[in-house]
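Notes to accompany the following structure.
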Amino acid sequence: MPTMNMLQAINNALDIAMAEDERVICFGEDVGVFGGVFRATSHLQERYGKARCFNTPLVEQGIIGFANGLAAQGSVPVAEIQFADYIFPAFDQIVNETAKFRYRSGDLFNVGGLTIRTPYGGGISGGHYHSQSPEAYFAHTPGLKVVVPRNPYQAKGLLLASIRDPDPVLFFEPKRLYRASTGEVPEGDYQLPIGEAEVTKEGTDVTVLGWGAQMEVIDRAVELAEKAGISCEVIDLRSILPWDEDTVAESVLKTGRLLITHEAPRTGGFAGEIAAAIQERCFLYLESPIARVTGLDTPFPLTLEKEYMPDHLKVYEAIRASVEF
Amino acid sequence: MPTMNMLQAINNALDIAMAEDERVICFGEDVGVFGGVFRATSHLQERYGKARCFNTPLVEQGIIGFANGLAAQGSVPVAEIQFADYIFPAFDQIVNETAKFRYRSGDLFNVGGLTIRTPYGGGISGGHYHSQSPEAYFAHTPGLKVVVPRNPYQAKGLLLASIRDPDPVLFFEPKRLYRASTGEVPEGDYQLPIGEAEVTKEGTDVTVLGWGAQMEVIDRAVELAEKAGISCEVIDLRSILPWDEDTVAESVLKTGRLLITHEAPRTGGFAGEIAAAIQERCFLYLESPIARVTGLDTPFPLTLEKEYMPDHLKVYEAIRASVEF
Amino acid sequence: MTTTEDVHALAFMTGDEFHIPTYRLLQQDGTLFEGADVPDLDQDQEKALRIYRAMLVTRVLDERMMAAQRQGRLSFYMQCTGEEAAVIGAAAALDDADMIMAQYREQGALAYRGFTYDEFMNQLFGNELDYGKGRQMPIHYGSRKLHYMTISSPLATQIPQATGYAYGQKMAGEGHCTITFFGEGAASEGDFHAALNMAAVHEVPVIFFCRNNGYAISTPAHEQFAADGIAPRAFGYRMHVIRVDGNDILAVYRATQAARAIAVEKNQPVLIEAMTYRLAAHSSSDDPSGYRSRKEEDAWREKDPILRMQRWLTAKGWWSDDEEKALQESLRREVLETLKRAEKRPPPPIDSLVSDVYADVTPALQHQLDALKRHIRRYPDEYPKGARSLDPDVRAEGAADKPADDEQGGA
Amino acid sequence: MTTTEDVHALAFMTGDEFHIPTYRLLQQDGTLFEGADVPDLDQDQEKALRIYRAMLVTRVLDERMMAAQRQGRLSFYMQCTGEEAAVIGAAAALDDADMIMAQYREQGALAYRGFTYDEFMNQLFGNELDYGKGRQMPIHYGSRKLHYMTISSPLATQIPQATGYAYGQKMAGEGHCTITFFGEGAASEGDFHAALNMAAVHEVPVIFFCRNNGYAISTPAHEQFAADGIAPRAFGYRMHVIRVDGNDILAVYRATQAARAIAVEKNQPVLIEAMTYRLAAHSSSDDPSGYRSRKEEDAWREKDPILRMQRWLTAKGWWSDDEEKALQESLRREVLETLKRAEKRPPPPIDSLVSDVYADVTPALQHQLDALKRHIRRYPDEYPKGARSLDPDVRAEGAADKPADDEQGGA
Ligand SMILES: Cc1ncc(C[n+]2csc(CCOP(=O)(O)OP(=O)(O)O)c2C)c(N)n1
Ligand SMILES: Cc1ncc(C[n+]2csc(CCOP(=O)(O)OP(=O)(O)O)c2C)c(N)n1
Ligand SMILES: [Mg+2]
Ligand SMILES: [Mg+2]
């Protein structure tokens with residue numbers, strides 16, 4: 001099996017999708033000749049022509065408006081938003097249009113073919129506007145699916161599944177891992193399921209839950225915890241919406257403890273939803289309060305980014321606090 | 001004391017603010033001659049001139065962009081978004097700009113003078129796009145304040161406080177109560193505190209928490225519950241961001257039970273945040289899981305709106321279930 | 001890229017350098033202007049009558065439904081009144097399989113394509129036969145079979161969508177285009193700018209049809225923009241543009257026909273600005289007396305587009321007063337009958353609350369639905385609409401006369 | 001409202017009806033075009049030298065900081081190179097108290113206003129003297145004292161803000177205006193459309209200054225729009241517009257001066273399109289060889305705006321090669337010295353993580369800060385920057401040479 005980094009895996013998934021189905025069309029700012037500022041769409045214009053892989057004018061609301069129409073027509077658009085921080089001009093098209101297209105028309109029309117790819121997250125000295133993790137905004141929006149891969153293998157399989165999914169998918173790519181995360185990735189076609197969490201490590205004392213780049217942080221924290229004699233069960237949520245309550249609840253019923261971690265600010269972050277749902281479902285089994293390790297309730301900083309980030313030490317301390325409660 | 005409905009109370013607050021400070025400027029779609037589609041800005045153009053109360057072109061991102069600049073200059077803009085459902089084109093200006101203006105400039109510049117008023121919520125046969133309750137989207141955005149009044153008295157006092165607050169405030173007006181809710185409102189100037197919840201009724205068995213139009217629903221439900229012998233403590237959160245964790249926690253430490261209700265869809269709604277924070281803080285005192293009574297995880301419907309709404313019967317049933325857990 | 005000549009003396013341009021005229025063919029008395037183009041409609045009685053019929057269908061529907069709204073039988077309504085020529089003339093100039101993405105005031109285009117009063121009514125009352133399953137406010141029509149995109153309230157969102165839809169049509173290569181309608185108010189939204197620019201850059205077969213009817217709710221056009229209407233914006237995108245008298249059926253038809261040829265044959269977008277007037281209130285919730293004069297309204301009432309076309313048809317001997325009277329009466333009768341049928345029909349079943357959020361109902365939504373059903377069973381009298389469809393027998397009865405999905409404008 | 005004449009023959013307009021020339025005064029050899037306007041700058045040696053100095057300050061800063069970035073001393077950088085005349089010429093035509101709301105490539109305007117190398121460096125290194133408190137990426141400068149709004153990355157958001165700011169200036173009645181700079185790429189955003197339309201409708205003293213430098217990262221202008229540049233968009237708003245050679249300091253200065261008069265005296269907005277070229281990479285993260293040719297770059301390098309101005313100054317006898325050499329050297333030395341100072345300075349204190357989110361730190365944020373401090377105390381070596389300011393003594397020492405707030409470009 002070849003080794004790929006996450007960008008290669010994403011590029012490979014797009015290549016497979018475009019080769020297989022000529023209705024798949026990739027576009028966004030700088031995605032054409034240049035292959036995108038991160039090069040996720042490298043060579044696609046060369047291979048599939050300018051009509052199927054192209055630069056758009058610099059207007060996110062237009063990119064998604066265009067993509068909605070194209071999907072309604074029956075094409076399979078894969079739109080790139082250059083940074084997740086710049087998805088907000090398209091918020092209306094996503095939240096009021098993409099998400100409600102099928103429902104409002106009674107299924108006469110739908111934009112299920114649409115996939116929106118966008119790099120998210122911190123750890124790259126990007127400051128306010130190249131670091132945000134906006135998944136929770138979209139997770140409050142019925143009609144959307146929200147997917148976040150943690151490594152190249154997951155990225156390829158989940159992206160192929162997203163493109164083929166009958167519903168519109170927001171695909172958040174942890175840009176800090178674009179080149180940093182490498183691993184074996186099958187050359188051929190495969191899909192990973194949307195809406196299913198994955199237990200990446202079994203354990204008995206506490207369940208530690210995250211998604212995307214935060215899984216790497218969790219792994220480091222868990223390593224410390226295991227050394228300290230704490231047995232951790234680790235879950236990668238993978239889909240934020242719909243999210244796999246069953247898998248999480250099952251784990252918590254076993255461990256009695258849950259810690260959730262994400263980079264986004266705490267207040268209104270998706271950990272809140274998970275905590276609320278799980279305390280309801282596992283109330284009598286909880287041995288300590290559900291803990292959250294998150295970004296601060298501030299805009300994303302720069303010079304003190306390291307202090308801001310919910311890193312492995314903070315997660316480790318929270319694991320200990322949860323077990324020692 | 002005169003009796004006013006909520007629109008009159010809001011209009012009166014704007015009138016006082018404009019009379020007192022000539023930097024206060026009101027604008028938005030149809031707010032000029034016409035006084036807004038709900039007439040919240042009636043007569044203000046007449047009284048203060050076209051330069052201080054005017055129609056804008058039909059472009060929400062422009063309205064808030066303009067308002068941000070005007071606030072940065074030192075004026076005190078009060079911008080109206082005709083329906084909260086139409087605030088999303090301005091999402092970028094609010095979330096990336098308004099919210100981060102002071103922080104990113106190290107306090108060299110700020111848009112603290114800004115207030116955004118917008119009617120929200122269901123119960124008026126408005127379907128998808130005249131019924132949404134988007135407060136949770138903004139509550140995940142550090143730098144904003146989010147305020148929701150429950151009646152005319154609260155509306156006037158909180159709106160005056162919002163206009164004068166040194167931070168930007170989103171002021172969500174429960175439009176179903178615009179004319180339906182009336183009450184005594186002092187003619188003169190007064191303010192109510194932002195960031196403080198209010199215990200509107202004391203009780204011992206369960207804490208029931210909401211905001212805005214939902215407070216009326218809670219009151220009806222609580223009436224039923226009290227008849228059934230359940231003593232309810234009722235809290236109006238009033239400010240969603242920052243929210244008054246202390247008052248809620250204090251109440252729950254006493255009652256041991258918490259029910260939160262809002263109209264917005266459940267997943268990612270603000271009840272999740274409250275539940276997550278309170279279970280952490282009151283873990284050992286909780287006698288039943290924190291309950292949520294919310295809208296369904298769907299776009300807002302029309303014909304079956306009554307079924308969709310988190311009404312008093314659903315709240316009542318949830319109160320019972322919580323106490324009988 | 002930009003290549004221009006140099007000047008060495010300072011001069012600002014202001015837009016006074018050019019002038020955008022209004023294309024008009026038909027005078028209010030039903031005769032052509034001297035020297036006017038003669039459109040092919042002049043030779044096509046069948047199409048002319050199809051258009052005229054659609055205008056009357058629309059006018060009668062609007063009158064009756066506004067009355068029904070006033071009587072409290074309907075929650076909300078919006079009229080096309082005064083703009084029938086603009087909307088129907090444009091639709092008639094297209095292929096019936098071209099996509100229409102409208103704002104909300106274009107029921108005339110749908111009527112032209114053959115949407116029946118029953119279909120209109122089912123949407124207006126959000127009953128179980130509504131294609132939209134009772135989820136949107138009245139006037140949010142849609143028909144897959146008639147290539148008419150379901151209306152969405154957020155303004156201007158359909159404009160970049162039309163650009164995308166038309167791009168897909170170009171890729172499909174079947175010779176179709178998309179027309180999108182919008183008001184001069186909606187054209188202020190950022191989505192408008194995005195849509196026109198992208199269409200020009202990517203050479204998309206889309207027609208941007210602006211109904212400049214003078215008002216956006218209470219806001220007059222001169223508070224919406226300072227420029228000479230919407231048309232000069234085309235120059236900012238290098239786009240073909242024409243301004244037309246929106247109350248002149250022949251001019252609208254001819255201009256749109258030519259625009260379609262440019263779109264489909266050259267893959268180039270076109271902007272059409274139709275000058276017209278919203279004769280009625282913005283909606284049933286609005287009272288225009290607060291922001292405009294009776295006199296202004298009356299002046300425009302004299303330019304009624306239906307009357308103008310009727311006079312033309314009559315002069316050509318294609319239409320008579322008797323035919324007019326008979327058609328008006330039969331339409332009125334039909335509206336009332338279908339209205340009665342539609343308002344009595346039961347609402348969509350409770351399960352429709354959670355279907356179509358996703359292609360398949362998710363477990364979480366099924367769970368929420370189940371809980372809701374349990375709750376309604378506890379209080380059936382409090383939720384009569386929802387309770388009805390809990391009982392499979394009632395449900396089956398209601399569904400008995402429901403035609404199969406594919407007859408319904410569905411796929 | 002729109003009033004136009006009628007036509008009865010079908011004709012689309014396409015924009016070929018008019019032509020927008022480019023205003024140019026100065027040739028590349030430093031002499032004026034024949035018949036060129038003579039701007040007042042021709043009589044104002046002091047201002048001319050202030051402008052020229054700012055150009056060199058900017059060029060030297062850009063060269064050195066890009067080198068520092070390549071050496072790994074700086075995380076990120078963006079150059080103004082090639083666009084100094086556009087940016088500085090515009091700033092020089094304003095009153096120094098007019099507001100500047102820039103995109104990110106306009107450090108030249110800030111240099112013109114007197115921002116010092118120390119001030120630039122403190123921002124670039126996000127140290128404790130950075131007015132922005134180390135919260136934004138390098139090049140996000142701001143200065144309240146110099147009326148230069150802190151840069152924000154989301155493109156085009158500053159354009160409608162400029163309209164609002166200028167509206168406030170008009171209300172204040174002190175005769176000031178706002179200029180907003182943006183690229184031809186950013187002009188595709190919806191915010192651009194909103195800003196220009198609102199400015200025209202509400203008669204706002206704002207100058208929209210577009211740097212059309214040919215590229216938005218890798219996207220060439222011809223994939224950004226199909227039209228003849230940005231200038232014709234003004235016709236869609238009825239706005240004064242001029243296109244100018246952006247590498248011609250005299251033309252930019254003169255055009256902006258005239259635009260300011262229109263803005264401030266008539267309360268009317270103006271659009272200026274400056275034709276120029278981004279000579280460097282988009283940013284330190286970009287490599288333009290993937291999307292444009294060396295040849296194209298070289299052709300533009302010959303049009304270097306600094307060289308052009310230098311030749312003009314020299315011809316006028318206001319500047320000499322010796323002066324050039326001396327200034328270049330002293331600037332280089334100064335950059336290196338300030339760079340060394342700035343990179344050694346400690347970061348902002350840990351408390352700055354939570355201040356300025358709101359006017360006052362909320363209890364919840366204080367709580368989060370306290371928890372963070374406890375955590376850092378447990379692992380001081382893992383967070384050396386944050387740990388430093390936990391210890392009040394270290395903190396005090398670092399702050400000793402920190403000037404008072406009001407000397408810092410603060411209010
Ligand atoms: C994004 C958005 N903002 C505001 C509204 C509320 N609204 C509905 S119709 C309307 C006026 C539209 O005017 P115009 O586009 O000229 O169309 P007309 O009604 O004249 O046909 C407004 C402001 C909306 N539906 N969507
Ligand atoms: C809303 C938004 N979308 C995308 C970006 C990413 N981005 C930064 S600069 C840039 C290109 C800007 O080009 P232009 O406006 O022409 O300015 P120039 O760099 O040429 O000076 C892009 C796409 C951004 N900062 N903001
Ligand atoms: Mg209109
Ligand atoms: Mg550019």
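Ligands are numbered from 1 in the order shown, residues from 1 within each chain, and chains are lettered A, B, ... in the order they appear in the structure tokens.
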Worksheet entry | Neighbours of chain D in chain A at 6 Å, counting only C-alpha atoms, as a ChimeraX atom specification | /A:30,57-59,127,301-303
**Item:** Backbone DSSP call of strand (DSSP E or B) for range 42-276 of chain B, listed as a ChimeraX atom specification
**Value:** /B:53-55,76-80,115-120,145-147,169-174,182-184,198-201,206-210,232-236,239-241,258-265
Could you save the residues just selected, with N, CA and C atoms, as a compact mmCIF listing (two decimals), in the first residue's frame?
```
# COMPACT_ATOMS: atom_id res chain seq x y z
N CYS B 53 -32.39 58.34 10.73
CA CYS B 53 -33.28 57.17 10.65
C CYS B 53 -33.64 56.97 9.20
N PHE B 54 -33.14 55.93 8.60
CA PHE B 54 -33.33 55.80 7.15
C PHE B 54 -33.41 54.36 6.64
N ASN B 55 -34.02 54.25 5.47
CA ASN B 55 -34.03 53.01 4.71
C ASN B 55 -32.64 52.73 4.16
N VAL B 76 -23.30 55.55 17.17
CA VAL B 76 -23.98 54.48 17.91
C VAL B 76 -25.10 53.92 17.03
N PRO B 77 -24.72 53.04 16.08
CA PRO B 77 -25.73 52.52 15.16
C PRO B 77 -26.65 51.50 15.82
N VAL B 78 -27.93 51.60 15.47
CA VAL B 78 -28.89 50.57 15.83
C VAL B 78 -29.45 50.06 14.51
N ALA B 79 -28.93 48.93 14.07
CA ALA B 79 -29.30 48.38 12.76
C ALA B 79 -30.40 47.36 12.92
N GLU B 80 -31.38 47.43 12.04
CA GLU B 80 -32.44 46.42 12.08
C GLU B 80 -32.26 45.43 10.94
N THR B 115 -25.64 48.06 18.03
CA THR B 115 -26.72 47.16 18.45
C THR B 115 -27.43 46.68 17.19
N ILE B 116 -27.66 45.38 17.11
CA ILE B 116 -28.41 44.81 15.99
C ILE B 116 -29.73 44.29 16.53
N ARG B 117 -30.82 44.87 16.07
CA ARG B 117 -32.15 44.41 16.49
C ARG B 117 -32.72 43.51 15.41
N THR B 118 -33.36 42.43 15.82
CA THR B 118 -34.00 41.59 14.81
C THR B 118 -35.08 40.71 15.44
N PRO B 119 -36.25 40.64 14.77
CA PRO B 119 -37.32 39.79 15.28
C PRO B 119 -37.06 38.32 14.99
N TYR B 120 -37.30 37.47 15.96
CA TYR B 120 -37.02 36.04 15.80
C TYR B 120 -38.22 35.21 16.26
N LYS B 145 -22.46 40.09 22.42
CA LYS B 145 -23.43 39.88 23.47
C LYS B 145 -24.78 39.60 22.82
N VAL B 146 -25.54 38.71 23.41
CA VAL B 146 -26.81 38.29 22.83
C VAL B 146 -27.89 38.40 23.89
N VAL B 147 -28.91 39.21 23.59
CA VAL B 147 -29.94 39.52 24.57
C VAL B 147 -31.32 39.23 24.00
N VAL B 169 -24.09 44.33 20.67
CA VAL B 169 -25.16 43.48 21.18
C VAL B 169 -26.10 43.07 20.06
N LEU B 170 -26.42 41.80 20.01
CA LEU B 170 -27.51 41.31 19.17
C LEU B 170 -28.75 41.23 20.02
N PHE B 171 -29.77 41.93 19.61
CA PHE B 171 -30.98 42.03 20.40
C PHE B 171 -32.10 41.32 19.64
N PHE B 172 -32.44 40.12 20.11
CA PHE B 172 -33.46 39.31 19.43
C PHE B 172 -34.83 39.61 20.03
N GLU B 173 -35.75 40.04 19.16
CA GLU B 173 -37.08 40.41 19.64
C GLU B 173 -38.08 39.31 19.29
N PRO B 174 -38.78 38.78 20.30
CA PRO B 174 -39.75 37.70 20.05
C PRO B 174 -40.97 38.25 19.33
N THR B 182 -48.47 42.69 26.44
CA THR B 182 -48.60 44.07 26.89
C THR B 182 -48.35 44.12 28.39
N GLY B 183 -48.01 45.29 28.86
CA GLY B 183 -47.76 45.41 30.29
C GLY B 183 -47.38 46.84 30.64
N GLU B 184 -47.25 47.08 31.92
CA GLU B 184 -46.87 48.41 32.37
C GLU B 184 -45.40 48.67 32.10
N GLU B 198 -32.83 36.34 35.48
CA GLU B 198 -33.77 36.75 36.52
C GLU B 198 -34.59 35.55 36.96
N VAL B 199 -34.64 35.35 38.27
CA VAL B 199 -35.53 34.31 38.80
C VAL B 199 -36.91 34.93 38.88
N THR B 200 -37.80 34.46 38.00
CA THR B 200 -39.12 35.11 37.96
C THR B 200 -40.11 34.43 38.90
N LYS B 201 -39.74 33.26 39.37
CA LYS B 201 -40.61 32.56 40.33
C LYS B 201 -39.74 31.62 41.13
N VAL B 206 -37.85 21.77 40.89
CA VAL B 206 -37.20 21.73 39.58
C VAL B 206 -37.01 23.16 39.08
N THR B 207 -35.88 23.40 38.42
CA THR B 207 -35.63 24.70 37.81
C THR B 207 -36.02 24.63 36.34
N VAL B 208 -36.83 25.59 35.91
CA VAL B 208 -37.24 25.63 34.50
C VAL B 208 -36.70 26.92 33.89
N LEU B 209 -35.91 26.75 32.83
CA LEU B 209 -35.13 27.87 32.29
C LEU B 209 -35.44 28.10 30.82
N GLY B 210 -35.58 29.36 30.46
CA GLY B 210 -35.79 29.70 29.05
C GLY B 210 -35.44 31.15 28.81
N CYS B 232 -42.03 24.72 41.10
CA CYS B 232 -41.05 25.06 40.06
C CYS B 232 -40.37 26.39 40.35
N GLU B 233 -39.08 26.42 40.12
CA GLU B 233 -38.35 27.69 40.10
C GLU B 233 -38.17 28.07 38.63
N VAL B 234 -38.52 29.30 38.29
CA VAL B 234 -38.48 29.71 36.87
C VAL B 234 -37.40 30.78 36.69
N ILE B 235 -36.57 30.58 35.68
CA ILE B 235 -35.51 31.56 35.40
C ILE B 235 -35.60 32.03 33.95
N ASP B 236 -35.57 33.34 33.77
CA ASP B 236 -35.44 33.93 32.44
C ASP B 236 -33.96 34.27 32.25
N SER B 239 -29.89 37.16 28.98
CA SER B 239 -28.67 37.25 28.15
C SER B 239 -28.22 35.83 27.84
N ILE B 240 -28.08 35.55 26.56
CA ILE B 240 -27.59 34.24 26.15
C ILE B 240 -26.07 34.27 26.18
N LEU B 241 -25.52 35.42 25.87
CA LEU B 241 -24.06 35.57 25.90
C LEU B 241 -23.73 36.98 26.37
N LEU B 258 -33.06 20.34 36.43
CA LEU B 258 -33.06 21.46 35.48
C LEU B 258 -33.71 21.05 34.16
N LEU B 259 -34.59 21.92 33.70
CA LEU B 259 -35.18 21.74 32.38
C LEU B 259 -34.94 23.04 31.61
N ILE B 260 -34.46 22.90 30.39
CA ILE B 260 -34.19 24.07 29.56
C ILE B 260 -35.03 23.95 28.31
N THR B 261 -35.61 25.04 27.89
CA THR B 261 -36.44 24.95 26.68
C THR B 261 -36.18 26.12 25.75
N HIS B 262 -36.07 25.79 24.46
CA HIS B 262 -35.97 26.84 23.43
C HIS B 262 -36.62 26.35 22.15
N GLU B 263 -36.91 27.29 21.26
CA GLU B 263 -37.60 26.94 20.01
C GLU B 263 -36.66 26.37 18.95
N ALA B 264 -35.41 26.77 18.99
CA ALA B 264 -34.46 26.33 17.97
C ALA B 264 -34.31 24.81 18.00
N PRO B 265 -33.82 24.24 16.90
CA PRO B 265 -33.58 22.79 16.89
C PRO B 265 -32.71 22.38 18.07
```
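Candidate residues B:Ala318, B:Ile87, B:Val293, B:Leu159 were compared for distance to chain A, and the nearest is B:Ile87, using only C-alpha atoms.
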Item to complete: Tell me which protein, DNA and RNA residues are within 7 Å of range 23-40 of chain D, counting only C-alpha atoms, leaving out same-chain ones fewer than 5 positions away, and put them as a ChimeraX atom specification.
Response: /C:6-10 /D:243-245,248,250-251,254,303,308-309,311-312
Using the selection just defined, write its residues with N, CA, C and O atoms as a PDB file, in the first residue's frame.
```pdb
ATOM      1  N   ASP C   6      -4.643  55.996 -23.294  1.00  0.00           N
ATOM      2  CA  ASP C   6      -4.220  56.910 -22.246  1.00  0.00           C
ATOM      3  C   ASP C   6      -4.859  58.281 -22.418  1.00  0.00           C
ATOM      4  O   ASP C   6      -5.142  58.711 -23.531  1.00  0.00           O
ATOM      5  N   VAL C   7      -5.055  58.958 -21.304  1.00  0.00           N
ATOM      6  CA  VAL C   7      -5.364  60.390 -21.347  1.00  0.00           C
ATOM      7  C   VAL C   7      -4.450  61.082 -20.360  1.00  0.00           C
ATOM      8  O   VAL C   7      -4.013  60.478 -19.372  1.00  0.00           O
ATOM      9  N   HIS C   8      -4.191  62.339 -20.632  1.00  0.00           N
ATOM     10  CA  HIS C   8      -3.262  63.069 -19.773  1.00  0.00           C
ATOM     11  C   HIS C   8      -3.936  64.258 -19.087  1.00  0.00           C
ATOM     12  O   HIS C   8      -3.292  65.016 -18.381  1.00  0.00           O
ATOM     13  N   ALA C   9      -5.230  64.393 -19.314  1.00  0.00           N
ATOM     14  CA  ALA C   9      -5.975  65.449 -18.627  1.00  0.00           C
ATOM     15  C   ALA C   9      -6.981  64.774 -17.698  1.00  0.00           C
ATOM     16  O   ALA C   9      -7.609  63.773 -18.055  1.00  0.00           O
ATOM     17  N   LEU C  10      -7.119  65.321 -16.523  1.00  0.00           N
ATOM     18  CA  LEU C  10      -7.969  64.712 -15.505  1.00  0.00           C
ATOM     19  C   LEU C  10      -9.439  64.811 -15.880  1.00  0.00           C
ATOM     20  O   LEU C  10      -9.935  65.901 -16.170  1.00  0.00           O
TER      21      LEU C  10
ATOM     22  N   ARG D 243      -9.853  55.838 -14.045  1.00  0.00           N
ATOM     23  CA  ARG D 243      -8.826  54.794 -14.092  1.00  0.00           C
ATOM     24  C   ARG D 243      -7.485  55.498 -14.200  1.00  0.00           C
ATOM     25  O   ARG D 243      -7.329  56.423 -15.002  1.00  0.00           O
ATOM     26  N   VAL D 244      -6.532  55.054 -13.426  1.00  0.00           N
ATOM     27  CA  VAL D 244      -5.245  55.726 -13.457  1.00  0.00           C
ATOM     28  C   VAL D 244      -4.111  54.709 -13.530  1.00  0.00           C
ATOM     29  O   VAL D 244      -4.251  53.554 -13.122  1.00  0.00           O
ATOM     30  N   ASP D 245      -3.031  55.174 -14.098  1.00  0.00           N
ATOM     31  CA  ASP D 245      -1.808  54.365 -14.130  1.00  0.00           C
ATOM     32  C   ASP D 245      -1.293  54.289 -12.698  1.00  0.00           C
ATOM     33  O   ASP D 245      -0.827  55.276 -12.141  1.00  0.00           O
ATOM     34  N   ASP D 248       2.237  55.478 -11.644  1.00  0.00           N
ATOM     35  CA  ASP D 248       2.518  56.878 -11.966  1.00  0.00           C
ATOM     36  C   ASP D 248       2.128  57.717 -10.753  1.00  0.00           C
ATOM     37  O   ASP D 248       0.954  58.009 -10.515  1.00  0.00           O
ATOM     38  N   LEU D 250       2.392  60.778 -10.003  1.00  0.00           N
ATOM     39  CA  LEU D 250       1.722  62.065 -10.220  1.00  0.00           C
ATOM     40  C   LEU D 250       0.255  61.880 -10.574  1.00  0.00           C
ATOM     41  O   LEU D 250      -0.618  62.592 -10.083  1.00  0.00           O
ATOM     42  N   ALA D 251      -0.026  60.881 -11.399  1.00  0.00           N
ATOM     43  CA  ALA D 251      -1.404  60.641 -11.813  1.00  0.00           C
ATOM     44  C   ALA D 251      -2.239  60.160 -10.631  1.00  0.00           C
ATOM     45  O   ALA D 251      -3.371  60.618 -10.419  1.00  0.00           O
ATOM     46  N   ARG D 254      -2.762  63.132  -8.193  1.00  0.00           N
ATOM     47  CA  ARG D 254      -3.686  64.135  -8.726  1.00  0.00           C
ATOM     48  C   ARG D 254      -5.117  63.614  -8.759  1.00  0.00           C
ATOM     49  O   ARG D 254      -6.063  64.319  -8.388  1.00  0.00           O
ATOM     50  N   LYS D 303       8.578  48.907 -15.341  1.00  0.00           N
ATOM     51  CA  LYS D 303       7.689  50.035 -15.041  1.00  0.00           C
ATOM     52  C   LYS D 303       7.737  50.393 -13.563  1.00  0.00           C
ATOM     53  O   LYS D 303       6.803  51.021 -13.043  1.00  0.00           O
ATOM     54  N   ARG D 308      10.584  55.399 -11.484  1.00  0.00           N
ATOM     55  CA  ARG D 308       9.958  56.463 -12.274  1.00  0.00           C
ATOM     56  C   ARG D 308       9.939  57.770 -11.479  1.00  0.00           C
ATOM     57  O   ARG D 308      10.289  58.828 -11.984  1.00  0.00           O
ATOM     58  N   MET D 309       9.568  57.668 -10.246  1.00  0.00           N
ATOM     59  CA  MET D 309       9.522  58.888  -9.433  1.00  0.00           C
ATOM     60  C   MET D 309      10.932  59.439  -9.182  1.00  0.00           C
ATOM     61  O   MET D 309      11.155  60.653  -9.200  1.00  0.00           O
ATOM     62  N   ARG D 311      13.469  59.266 -11.057  1.00  0.00           N
ATOM     63  CA  ARG D 311      13.941  59.981 -12.252  1.00  0.00           C
ATOM     64  C   ARG D 311      13.325  61.374 -12.346  1.00  0.00           C
ATOM     65  O   ARG D 311      13.984  62.340 -12.712  1.00  0.00           O
ATOM     66  N   TRP D 312      12.072  61.449 -12.003  1.00  0.00           N
ATOM     67  CA  TRP D 312      11.392  62.744 -12.037  1.00  0.00           C
ATOM     68  C   TRP D 312      12.017  63.707 -11.026  1.00  0.00           C
ATOM     69  O   TRP D 312      12.329  64.851 -11.338  1.00  0.00           O
TER      70      TRP D 312
END
```
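A straight line drawn from CA of Asp205 in chain B to CA of Thr255 in chain B is 4.9 Å long.
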Under the rule of at most 9 Å, produce a per-residue listing of chain A near ligand 2: chain, number, name, the closest pair of atoms, and the distance in Å, as CSV, using only C-alpha atoms and all ligand atoms.
```
residue,atom,partner,partner_atom_place_in_ligand_line,distance
A:Glu29,CA,ligand 2,23 (C),6.2
A:Asp30,CA,ligand 2,23 (C),7.5
A:Val37,CA,ligand 2,23 (C),8.9
A:Pro57,CA,ligand 2,23 (C),9.0
A:Leu58,CA,ligand 2,23 (C),6.1
A:Val59,CA,ligand 2,3 (N),7.0
A:Glu60,CA,ligand 2,3 (N),6.8
A:Ile81,CA,ligand 2,4 (C),7.7
A:Gln82,CA,ligand 2,4 (C),6.0
A:Phe83,CA,ligand 2,4 (C),7.0
A:Asp85,CA,ligand 2,2 (C),7.9
A:Tyr86,CA,ligand 2,1 (C),4.7
A:Ile87,CA,ligand 2,1 (C),7.5
A:Phe88,CA,ligand 2,1 (C),8.0
A:Pro89,CA,ligand 2,1 (C),7.0
A:Tyr129,CA,ligand 2,25 (N),7.8
A:His130,CA,ligand 2,25 (N),8.7
```
